[in-house]
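Worksheet: one structure, shown below.
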Amino acid sequence: MPLNEGCVAAPGRARDNRTGSWRVFIPKFDHEACSKCGMCQLICPEGCIQETGENEFVPDYDYCKGCGLCAEECPKGAITMEQEEK
Amino acid sequence: MAIDKTCELFDCGHRACGGCGASMAARLLLKASGPETIVVSSTGCMEVFSTPYPETAWKVPWIHSLFENASAVASGIESALKQQGRSEKVVVVAGDGATFDIGVLCISGAFERGHDITYICYDNEAYMNTGIQRSGATPFDASTTTSPAGRVSFGNKHPKKDMPRILAAHGSPYVATASVAYPADFMQKVERAISTEGPTYVQVHAPCCTGWGFDGAKTVAIGKLAIETGLWVNYELVDGEVAKVKKVVKKPVEEYLKEQKRFRHLFKPKLQEEEIAKIQAIADRNFERYGHEIRLPPKKAPEGA
């Protein structure tokens, strides 16, 4: 049955909206100090931190809003927030 | 069923504030539920920030109808799936306004009829989407735009409604409270709620940096403080009986209150000790009720002293 009432949007279309432009402070990741606990990835409200093939946690700066939650909660202090220059 | 932590079903690009507790809850609950899920959302902050047409952050089937009827819609979907012999799980995701105030009628009906649905309430303790109006979940003495603190008032006059107990009293087999500050615990509770047959309820504490007035980087820290001061209790009710409570070393409520602008009137222009004592009494009652305080042995005096 064709759906002809209500609004239908394709899954994950929110990616069109690049929220990285909201950012004032940018998180910088120190991969040497990182203990790979994955806390930053788990708590990121954007879900923009991913683990790469080399077991490094890397944020997607196209979407990171710079809230600083990852830096605050990193048990190793391996993430620092820096003023971003645009 | 093991939880796949790498499963991402709540996508980047949604318009929540930086450090939003509710968007953390959405991500975590979808990790726990997995892709075989149909989500029903009520009106609320999460609905608005995750689905401005034609965008959507949800990568599972998602439906929104009205503010009050999410659990009625979920009941219909669950019945239709059952009729067709399908096994998808139906999950309602609603805010505290839709759960505590506006949707109570439909929730009560769905729980009474015993539909196999999981109701997840992200509790940010006010109507945040429309500009921080008080709801039944707003804690005592919090200042909101409809319960403003000033010369004649200390903010919200009423204590928080005990929604988990109300739903446990409906005969729900599994009711739990959780916090986004403890993601693993929250995911486990969602997983257990979904795999339990019948209507189940999980209420997750989701600190709101905009509405409560704190820095977005502190969302997890504030969530932890709420639990450590006893103003939020993480527990599970299995068949109406308390099964598990997160134990904490007790902290005074001031530590939680002074971090947030919504309680600023209790400290400035002068310290309102009497009001803080009332809030401490709420926390003390929680500790008495759930007995979840860890009593550390008194520190030994150094030898030779």
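Identifiers in this document derive from the order of the structure tokens: chains are assigned A, B, ..., residues are numbered from 1 separately in each chain, and ligands are numbered from 1 in order of occurrence.
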
Report as a PyMOL selection string: the residues of region 31-278 of chain B with a DSSP assignment of strand (DSSP E or B), based on the backbone of this structure. chain B and resi 37-41+58+62-64+89-95+117-123+127+133+144+147+149+154+174-179+200-205+235-238+241-245+248

- Task: Pull out every residue of chain B sitting within 9 Å of chain A, counting only C-alpha atoms, and send them as a VMD selection string.
- Result: chain B and resid 5 to 6 8 to 28 50 to 61 180 to 181 183 to 184 215 to 221

The distance between CA of Ala78 (chain A) and CA of Cys37 (chain A) is 11.4 Å

Pairwise distance for CA of Cys121 (chain B) and CA of Gly240 (chain B), rounded to one decimal in Å =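 Distance reported for this atom pair: 18.2 Å.
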
(message) What's around Met81 (chain A) at 6 Å? Count only C-alpha atoms, leave out sequence neighbours fewer than 5 positions away in its own chain, and write the answer as a list in words.
(response)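 Final neighbour list, sorted by chain and number: Phe25, Ile26 and Pro27 of chain A.
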
Got time to write the residues from that selection, N, CA, C and O atoms, as a short mmCIF file (atom, residue, chain, number, x, y, z; two decimals), in the first residue's frame?
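As a result, part19.cif now contains:
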```
data_model
loop_
_atom_site.label_atom_id
_atom_site.label_comp_id
_atom_site.auth_asym_id
_atom_site.auth_seq_id
_atom_site.Cartn_x
_atom_site.Cartn_y
_atom_site.Cartn_z
N PHE A 25 35.02 25.42 20.32
CA PHE A 25 36.24 24.73 20.76
C PHE A 25 36.31 23.37 20.07
O PHE A 25 35.31 22.70 19.88
N ILE A 26 37.52 22.99 19.70
CA ILE A 26 37.69 21.75 18.94
C ILE A 26 38.46 20.73 19.80
O ILE A 26 39.46 21.07 20.42
N PRO A 27 37.96 19.48 19.86
CA PRO A 27 38.69 18.48 20.65
C PRO A 27 39.89 17.93 19.86
O PRO A 27 39.75 17.56 18.70
#
```

Could you list, as a VMD selection string, every residue within 7 Å of region 147-154 of chain B, counting only C-alpha atoms and ignoring same-chain residues fewer than 4 positions away?
chain B and resid 134 141 143 265

Keeping only N, CA and C atoms, write the selected residues to a file as a short mmCIF file (atom, residue, chain, number, x, y, z; two decimals), in the first residue's frame.
```
data_model
loop_
_atom_site.label_atom_id
_atom_site.label_comp_id
_atom_site.auth_asym_id
_atom_site.auth_seq_id
_atom_site.Cartn_x
_atom_site.Cartn_y
_atom_site.Cartn_z
N ARG B 134 7.56 23.95 33.57
CA ARG B 134 7.61 22.86 34.55
C ARG B 134 6.70 21.71 34.11
N ASP B 141 11.61 22.98 44.01
CA ASP B 141 12.39 24.22 44.07
C ASP B 141 13.21 24.56 42.82
N SER B 143 13.73 26.36 39.36
CA SER B 143 13.13 27.51 38.70
C SER B 143 12.94 27.18 37.21
N HIS B 265 18.86 30.49 42.74
CA HIS B 265 18.17 31.34 43.72
C HIS B 265 18.31 30.81 45.15
#
```
